[in-house]
$ cat target.txt   # compact mmCIF, C-alpha atoms
# COMPACT_ATOMS: atom_id res chain seq x y z
CA MET A 1 0.00 0.00 0.00
CA VAL A 2 1.24 3.50 -0.84
CA THR A 3 -0.26 6.36 1.16
CA GLU A 4 -1.03 9.94 0.15
CA LYS A 5 2.32 11.00 1.63
CA ASN A 6 4.12 8.39 -0.53
CA THR A 7 4.79 6.13 2.43
CA VAL A 8 5.00 2.44 1.57
CA ILE A 9 3.27 0.11 4.05
CA GLU A 10 3.51 -3.69 4.01
CA ILE A 11 2.10 -6.23 6.44
CA LYS A 12 3.50 -9.70 5.83
CA ALA A 13 1.34 -12.29 7.60
CA ASP A 14 2.37 -15.61 6.05
CA ASP A 15 2.76 -17.47 9.33
CA LEU A 16 -0.07 -19.70 10.53
CA CYS A 17 0.93 -19.13 14.17
CA GLY A 18 0.03 -15.44 14.04
CA ARG A 19 3.46 -13.89 13.61
CA ALA A 20 3.53 -10.93 11.22
CA VAL A 21 5.84 -8.11 10.17
CA LEU A 22 4.94 -4.47 9.67
CA LYS A 23 7.28 -2.58 7.31
CA ILE A 24 7.08 1.14 6.60
CA ILE A 25 9.28 3.15 4.24
CA ALA A 26 8.61 6.89 4.34
CA VAL A 27 9.97 10.01 2.69
CA LYS A 28 10.07 11.79 6.06
CA LYS A 29 11.50 10.68 9.38
CA ILE A 30 9.03 8.66 11.48
CA ARG A 31 8.69 9.42 15.20
CA GLN A 32 5.94 7.03 16.29
CA VAL A 33 3.80 4.20 14.91
CA ASN A 34 0.45 3.17 16.42
CA LEU A 35 -1.06 -0.05 15.06
CA GLU A 36 -4.53 -1.35 15.94
CA ILE A 37 -5.60 -4.78 14.66
CA SER A 38 -9.26 -5.87 14.74
CA GLU A 39 -10.72 -9.31 14.15
CA GLY A 40 -13.93 -8.60 12.26
CA ILE A 41 -16.89 -6.68 13.64
CA GLY A 42 -17.07 -7.00 17.42
CA GLY A 43 -14.01 -9.28 17.52
CA ARG A 44 -10.72 -9.01 19.35
CA ARG A 45 -8.71 -5.80 19.20
CA VAL A 46 -4.97 -5.64 19.74
CA CYS A 47 -2.94 -2.43 19.88
CA PHE A 48 0.78 -1.87 19.43
CA GLN A 49 2.80 1.32 19.86
CA TYR A 50 6.35 1.79 18.62
CA ALA A 51 8.89 4.58 18.79
CA CYS A 52 11.05 5.32 15.76
CA ASP A 53 13.73 7.78 14.67
CA ASP A 54 14.22 6.89 11.01
CA ALA A 55 12.44 7.05 7.64
CA SER A 56 12.16 3.25 7.57
CA PHE A 57 10.55 1.03 10.18
CA GLU A 58 10.22 -2.73 10.63
CA GLU A 59 8.71 -4.52 13.60
CA ASN A 60 7.24 -7.96 14.34
CA PHE A 61 3.89 -8.39 16.03
CA GLN A 62 1.89 -11.41 17.17
CA ILE A 63 -1.82 -12.29 17.02
CA GLU A 64 -2.65 -15.21 19.29
CA ASN A 65 -4.63 -18.09 17.69
CA PRO A 66 -5.18 -16.28 14.39
CA LEU A 67 -8.16 -16.92 12.16
CA LEU A 68 -6.80 -18.14 8.82
CA TRP A 69 -7.77 -16.88 5.38
CA SER A 70 -9.06 -19.64 3.09
CA LEU A 71 -10.99 -19.95 -0.17
CA SER A 72 -14.20 -20.93 1.60
CA SER A 73 -13.73 -18.65 4.61
CA PRO A 74 -11.69 -15.57 3.64
CA ARG A 75 -11.12 -14.20 7.14
CA LEU A 76 -9.42 -10.83 7.16
CA TYR A 77 -8.06 -8.66 9.94
CA GLY A 78 -8.62 -4.93 9.76
CA PHE A 79 -5.85 -2.54 10.68
CA LYS A 80 -5.68 1.13 11.61
CA LEU A 81 -2.25 2.65 11.38
CA LYS A 82 -1.27 6.09 12.65
CA ILE A 83 2.17 7.28 11.60
CA VAL A 84 3.57 10.33 13.39
CA TYR A 85 6.29 11.98 11.32
CA ALA A 86 8.82 14.59 12.40
CA GLU A 87 6.44 16.95 10.59
CA GLY A 88 2.77 15.98 10.62
CA GLU A 89 1.02 12.63 10.81
CA GLU A 90 -1.04 10.26 8.70
CA ALA A 91 -3.72 7.64 9.36
CA VAL A 92 -4.45 4.71 7.05
CA THR A 93 -6.68 1.65 7.20
CA GLY A 94 -6.70 -1.68 5.40
CA ASN A 95 -7.04 -5.45 5.69
CA PHE A 96 -4.73 -8.45 5.71
CA GLY A 97 -5.07 -12.20 6.20
CA PHE A 98 -2.95 -14.99 7.68
CA ARG A 99 -2.24 -17.63 5.01
CA THR A 100 0.54 -19.60 3.38
CA ILE A 101 0.84 -20.78 -0.21
CA SER A 102 3.32 -23.57 -0.79
CA SER A 103 3.92 -26.82 -2.65
CA ASN A 104 4.51 -30.32 -1.35
CA GLY A 105 6.26 -31.34 -4.57
CA ARG A 106 3.10 -32.51 -6.32
CA GLU A 107 0.32 -30.19 -5.22
CA ILE A 108 -0.26 -26.54 -4.44
CA CYS A 109 -1.10 -26.10 -0.77
CA LEU A 110 -3.03 -23.36 0.98
CA ASN A 111 -2.29 -23.21 4.70
CA GLY A 112 -0.54 -26.58 4.39
CA SER A 113 -3.50 -28.41 2.80
CA PRO A 114 -3.60 -29.41 -0.89
CA VAL A 115 -5.95 -27.36 -3.04
CA PHE A 116 -7.05 -28.18 -6.59
CA VAL A 117 -6.67 -24.99 -8.60
CA ARG A 118 -9.59 -24.26 -10.94
CA GLY A 119 -8.86 -21.04 -12.76
CA PHE A 120 -9.94 -18.68 -15.48
CA ILE A 121 -8.13 -15.93 -17.35
CA ARG A 122 -8.60 -12.18 -17.41
CA GLY A 123 -6.47 -9.28 -18.44
CA ALA A 124 -5.74 -8.40 -22.03
CA THR A 125 -8.67 -7.03 -24.01
CA ALA A 126 -9.28 -10.39 -25.69
CA HIS A 127 -9.79 -12.09 -22.31
CA ASP A 128 -11.69 -9.48 -20.39
CA HIS A 129 -15.16 -7.99 -20.49
CA ARG A 130 -16.29 -4.42 -19.95
CA ASN A 131 -18.27 -2.96 -17.11
CA ASN A 132 -21.33 -2.43 -19.31
CA CYS A 133 -23.60 -1.97 -16.28
CA ARG A 134 -21.41 0.94 -15.14
CA LEU A 135 -21.15 -0.45 -11.62
CA PRO A 136 -18.70 1.08 -9.15
CA GLU A 137 -15.29 -0.58 -9.63
CA GLU A 138 -15.31 -2.76 -6.50
CA GLU A 139 -18.94 -3.78 -7.03
CA PHE A 140 -18.13 -4.81 -10.63
CA TYR A 141 -15.20 -6.96 -9.47
CA ARG A 142 -17.22 -8.45 -6.61
CA LYS A 143 -20.03 -9.47 -8.98
CA SER A 144 -17.52 -11.02 -11.39
CA ILE A 145 -15.71 -12.98 -8.66
CA LYS A 146 -18.93 -14.21 -7.05
CA GLU A 147 -20.19 -15.48 -10.42
CA ALA A 148 -16.87 -17.25 -11.07
CA LYS A 149 -17.02 -18.91 -7.64
CA LYS A 150 -20.56 -20.16 -8.38
CA PHE A 151 -19.02 -22.16 -11.24
CA GLY A 152 -16.34 -23.62 -8.95
CA PHE A 153 -13.43 -21.34 -9.85
CA ASN A 154 -10.98 -20.45 -7.09
CA PHE A 155 -8.19 -18.83 -9.10
CA VAL A 156 -7.86 -16.04 -11.67
CA ARG A 157 -4.83 -15.52 -13.90
CA PHE A 158 -4.16 -12.04 -15.24
CA HIS A 159 -2.60 -12.20 -18.69
CA SER A 160 -0.44 -9.28 -19.85
CA THR A 161 -1.81 -6.85 -17.30
CA ILE A 162 -1.75 -6.06 -13.59
CA PRO A 163 -5.16 -5.67 -11.91
CA SER A 164 -6.05 -2.59 -9.92
CA GLU A 165 -5.63 -2.44 -6.16
CA ALA A 166 -9.44 -2.61 -5.92
CA PHE A 167 -9.42 -6.06 -7.55
CA PHE A 168 -6.87 -7.33 -5.01
CA ARG A 169 -9.03 -6.02 -2.14
CA VAL A 170 -12.19 -7.69 -3.45
CA ALA A 171 -10.36 -10.96 -4.20
CA ASP A 172 -9.14 -11.04 -0.59
CA GLU A 173 -12.65 -10.35 0.72
CA GLU A 174 -14.34 -12.93 -1.52
CA GLY A 175 -11.73 -15.72 -1.28
CA ILE A 176 -10.08 -16.16 -4.67
CA LEU A 177 -6.40 -16.59 -5.57
CA ILE A 178 -4.67 -14.35 -8.14
CA HIS A 179 -1.76 -15.04 -10.47
CA ILE A 180 -0.13 -12.18 -12.41
CA GLU A 181 1.97 -12.83 -15.48
CA PHE A 182 5.38 -11.19 -15.43
CA ARG A 183 7.78 -11.37 -18.35
CA LYS A 184 11.55 -10.90 -18.37
CA PRO A 185 12.58 -7.53 -19.89
CA GLU A 186 14.54 -9.31 -22.64
CA ASP A 187 11.55 -11.49 -23.59
CA ILE A 188 10.48 -11.15 -27.25
CA TYR A 189 6.95 -10.47 -25.97
CA ASN A 190 8.05 -7.82 -23.48
CA ASN A 191 4.84 -6.17 -22.31
CA LEU A 192 6.05 -4.64 -19.05
CA ARG A 193 5.04 -1.10 -20.06
CA GLU A 194 1.52 -2.22 -20.96
CA MET A 195 1.25 -4.23 -17.76
CA THR A 196 2.38 -1.46 -15.44
CA ASP A 197 0.44 1.25 -17.27
CA ASN A 198 -2.77 0.19 -15.51
CA GLY A 199 -4.46 3.38 -14.43

$ encode --input "target.txt" --output "structure tokens"
Amino acid sequence: MVTEKNTVIEIKADDLCGRAVLKIIAVKKIRQVNLEISEGIGGRRVCFQYACDDASFEENFQIENPLLWSLSSPRLYGFKLKIVYAEGEEAVTGNFGFRTISSNGREICLNGSPVFVRGFIRGATAHDHRNNCRLPEEEFYRKSIKEAKKFGFNFVRFHSTIPSEAFFRVADEEGILIHIEFRKPEDIYNNLREMTDNG
């Protein structure tokens, strides 16, 4: 996530025991970081407060007995983050989930359990469809993902393009995996400019 003040925020929660890392890279020096994690509506709340004297920040935090994100039960934790800079402050909110994606040599595993990937393709004009109903962006993506899940799909591959941040948010909320195609710069079909020109 990139904030209005061009601060980069990352929460890495790929540990099924509830360990996570908060990373912040800012343009300005950071003085204090307040992090509040909430487990759904009316669920547990955990608060952390950190001091800092640098433009970059990294700290581990722990959520006891975390609820895991899965395809059938995409549990997400909400976060509120207040960053106090040497000059001014900023508040941001978002979601994250505890999950691991791995392989046991034969199968793809989600949270350590094998999952059969059933996917469809989106992305380049030939593979995508327009928002002819003129729905708000997130509502359009939510409708599309819900329809795909009705047909048993649990995975979407983006061909020659990178989806918007809104698509990632909705995919997390609805429980679907995403694969993005990246090509090497020296590839004969180098489409990096087209892919990163998503706006």

$ residues_around --input "target.txt" --residues "region 171-180 of chain A" --least-positions-apart "3" --cutoff "9 Å" --atoms "all atoms listed in the file" --output "MDAnalysis selection string"
chainID A and resid 69:76 95:97 117 119 141:142 145:146 149 153:163 166:168

$ residues_near_point --input "target.txt" --point "(2.7, 5.1, 3.3)" --cutoff "10 Å" --atoms "only C-alpha atoms" --output "ChimeraX atom specification"
/A:1-10,23-27,81,83,90-92

$ residues_around --input "target.txt" --residues "Gly78 (chain A)" --least-positions-apart "2" --cutoff "6 Å" --atoms "all atoms listed in the file" --output "list of chain:residue names"
A:Ile37, A:Ser38, A:Gly94, A:Asn95

$ residues_around --input "target.txt" --residues "Cys52 (chain A)" --least-positions-apart "5" --cutoff "8 Å" --atoms "only C-alpha atoms" --output "NGL selection string"
:A and (30-33 or 57)

$ closest_residue --input "target.txt" --among "A:Ser56, A:Thr100, A:Ser144, A:Thr93" --to "Pro114 (chain A)" --atoms "all atoms listed in the file"
A:Thr100

$ closest_residue --input "target.txt" --among "A:Lys29, A:Phe79, A:Gly42, A:Ile11" --to "Glu59 (chain A)" --atoms "only C-alpha atoms"
A:Ile11

$ residues_near_point --input "target.txt" --point "(-2.5, -5.8, 19.3)" --cutoff "7 Å" --atoms "only C-alpha atoms" --output "mmCIF file with C-alpha atoms, keeping the file's coordinate frame"
data_model
loop_
_atom_site.group_PDB
_atom_site.id
_atom_site.type_symbol
_atom_site.label_atom_id
_atom_site.label_comp_id
_atom_site.auth_asym_id
_atom_site.auth_seq_id
_atom_site.Cartn_x
_atom_site.Cartn_y
_atom_site.Cartn_z
ATOM 1 C CA GLU A 36 -4.530 -1.350 15.940
ATOM 2 C CA ILE A 37 -5.600 -4.780 14.660
ATOM 3 C CA ARG A 45 -8.710 -5.800 19.200
ATOM 4 C CA VAL A 46 -4.970 -5.640 19.740
ATOM 5 C CA CYS A 47 -2.940 -2.430 19.880
ATOM 6 C CA PHE A 48 0.780 -1.870 19.430
ATOM 7 C CA ILE A 63 -1.820 -12.290 17.020
#

$ atom_distance --input "target.txt" --atom1 "CA of Ala51 (chain A)" --atom2 "CA of Ala20 (chain A)"
18.1 Å

$ closest_residue --input "target.txt" --among "A:Arg106, A:Arg169, A:Lys150, A:Arg118" --to "Glu137 (chain A)" --atoms "all atoms listed in the file"
A:Arg169

$ atom_distance --input "target.txt" --atom1 "CA of Val170 (chain A)" --atom2 "CA of Lys80 (chain A)"
18.6 Å

$ closest_residue --input "target.txt" --among "A:Asn111, A:Gly18, A:Phe98, A:Gln49" --to "Glu64 (chain A)" --atoms "all atoms listed in the file"
A:Gly18

$ decode --input "target.txt" --residues "region 92-153 of chain A" --atoms "C-alpha atoms" --output "JSON list (two decimals), in the first residue's frame"
[["chain", "number", "residue", "atom", "x", "y", "z"],
["A", 92, "VAL", "CA", -4.45, 4.71, 7.05],
["A", 93, "THR", "CA", -6.68, 1.65, 7.20],
["A", 94, "GLY", "CA", -6.70, -1.68, 5.40],
["A", 95, "ASN", "CA", -7.04, -5.45, 5.69],
["A", 96, "PHE", "CA", -4.73, -8.45, 5.71],
["A", 97, "GLY", "CA", -5.07, -12.20, 6.20],
["A", 98, "PHE", "CA", -2.95, -14.99, 7.68],
["A", 99, "ARG", "CA", -2.24, -17.63, 5.01],
["A", 100, "THR", "CA", 0.54, -19.60, 3.38],
["A", 101, "ILE", "CA", 0.84, -20.78, -0.21],
["A", 102, "SER", "CA", 3.32, -23.57, -0.79],
["A", 103, "SER", "CA", 3.92, -26.82, -2.65],
["A", 104, "ASN", "CA", 4.51, -30.32, -1.35],
["A", 105, "GLY", "CA", 6.26, -31.34, -4.57],
["A", 106, "ARG", "CA", 3.10, -32.51, -6.32],
["A", 107, "GLU", "CA", 0.32, -30.19, -5.22],
["A", 108, "ILE", "CA", -0.26, -26.54, -4.44],
["A", 109, "CYS", "CA", -1.10, -26.10, -0.77],
["A", 110, "LEU", "CA", -3.03, -23.36, 0.98],
["A", 111, "ASN", "CA", -2.29, -23.21, 4.70],
["A", 112, "GLY", "CA", -0.54, -26.58, 4.39],
["A", 113, "SER", "CA", -3.50, -28.41, 2.80],
["A", 114, "PRO", "CA", -3.60, -29.41, -0.89],
["A", 115, "VAL", "CA", -5.95, -27.36, -3.04],
["A", 116, "PHE", "CA", -7.05, -28.18, -6.59],
["A", 117, "VAL", "CA", -6.67, -24.99, -8.60],
["A", 118, "ARG", "CA", -9.59, -24.26, -10.94],
["A", 119, "GLY", "CA", -8.86, -21.04, -12.76],
["A", 120, "PHE", "CA", -9.94, -18.68, -15.48],
["A", 121, "ILE", "CA", -8.13, -15.93, -17.35],
["A", 122, "ARG", "CA", -8.60, -12.18, -17.41],
["A", 123, "GLY", "CA", -6.47, -9.28, -18.44],
["A", 124, "ALA", "CA", -5.74, -8.40, -22.03],
["A", 125, "THR", "CA", -8.67, -7.03, -24.01],
["A", 126, "ALA", "CA", -9.28, -10.39, -25.69],
["A", 127, "HIS", "CA", -9.79, -12.09, -22.31],
["A", 128, "ASP", "CA", -11.69, -9.48, -20.39],
["A", 129, "HIS", "CA", -15.16, -7.99, -20.49],
["A", 130, "ARG", "CA", -16.29, -4.42, -19.95],
["A", 131, "ASN", "CA", -18.27, -2.96, -17.11],
["A", 132, "ASN", "CA", -21.33, -2.43, -19.31],
["A", 133, "CYS", "CA", -23.60, -1.97, -16.28],
["A", 134, "ARG", "CA", -21.41, 0.94, -15.14],
["A", 135, "LEU", "CA", -21.15, -0.45, -11.62],
["A", 136, "PRO", "CA", -18.70, 1.08, -9.15],
["A", 137, "GLU", "CA", -15.29, -0.58, -9.63],
["A", 138, "GLU", "CA", -15.31, -2.76, -6.50],
["A", 139, "GLU", "CA", -18.94, -3.78, -7.03],
["A", 140, "PHE", "CA", -18.13, -4.81, -10.63],
["A", 141, "TYR", "CA", -15.20, -6.96, -9.47],
["A", 142, "ARG", "CA", -17.22, -8.45, -6.61],
["A", 143, "LYS", "CA", -20.03, -9.47, -8.98],
["A", 144, "SER", "CA", -17.52, -11.02, -11.39],
["A", 145, "ILE", "CA", -15.71, -12.98, -8.66],
["A", 146, "LYS", "CA", -18.93, -14.21, -7.05],
["A", 147, "GLU", "CA", -20.19, -15.48, -10.42],
["A", 148, "ALA", "CA", -16.87, -17.25, -11.07],
["A", 149, "LYS", "CA", -17.02, -18.91, -7.64],
["A", 150, "LYS", "CA", -20.56, -20.16, -8.38],
["A", 151, "PHE", "CA", -19.02, -22.16, -11.24],
["A", 152, "GLY", "CA", -16.34, -23.62, -8.95],
["A", 153, "PHE", "CA", -13.43, -21.34, -9.85]]
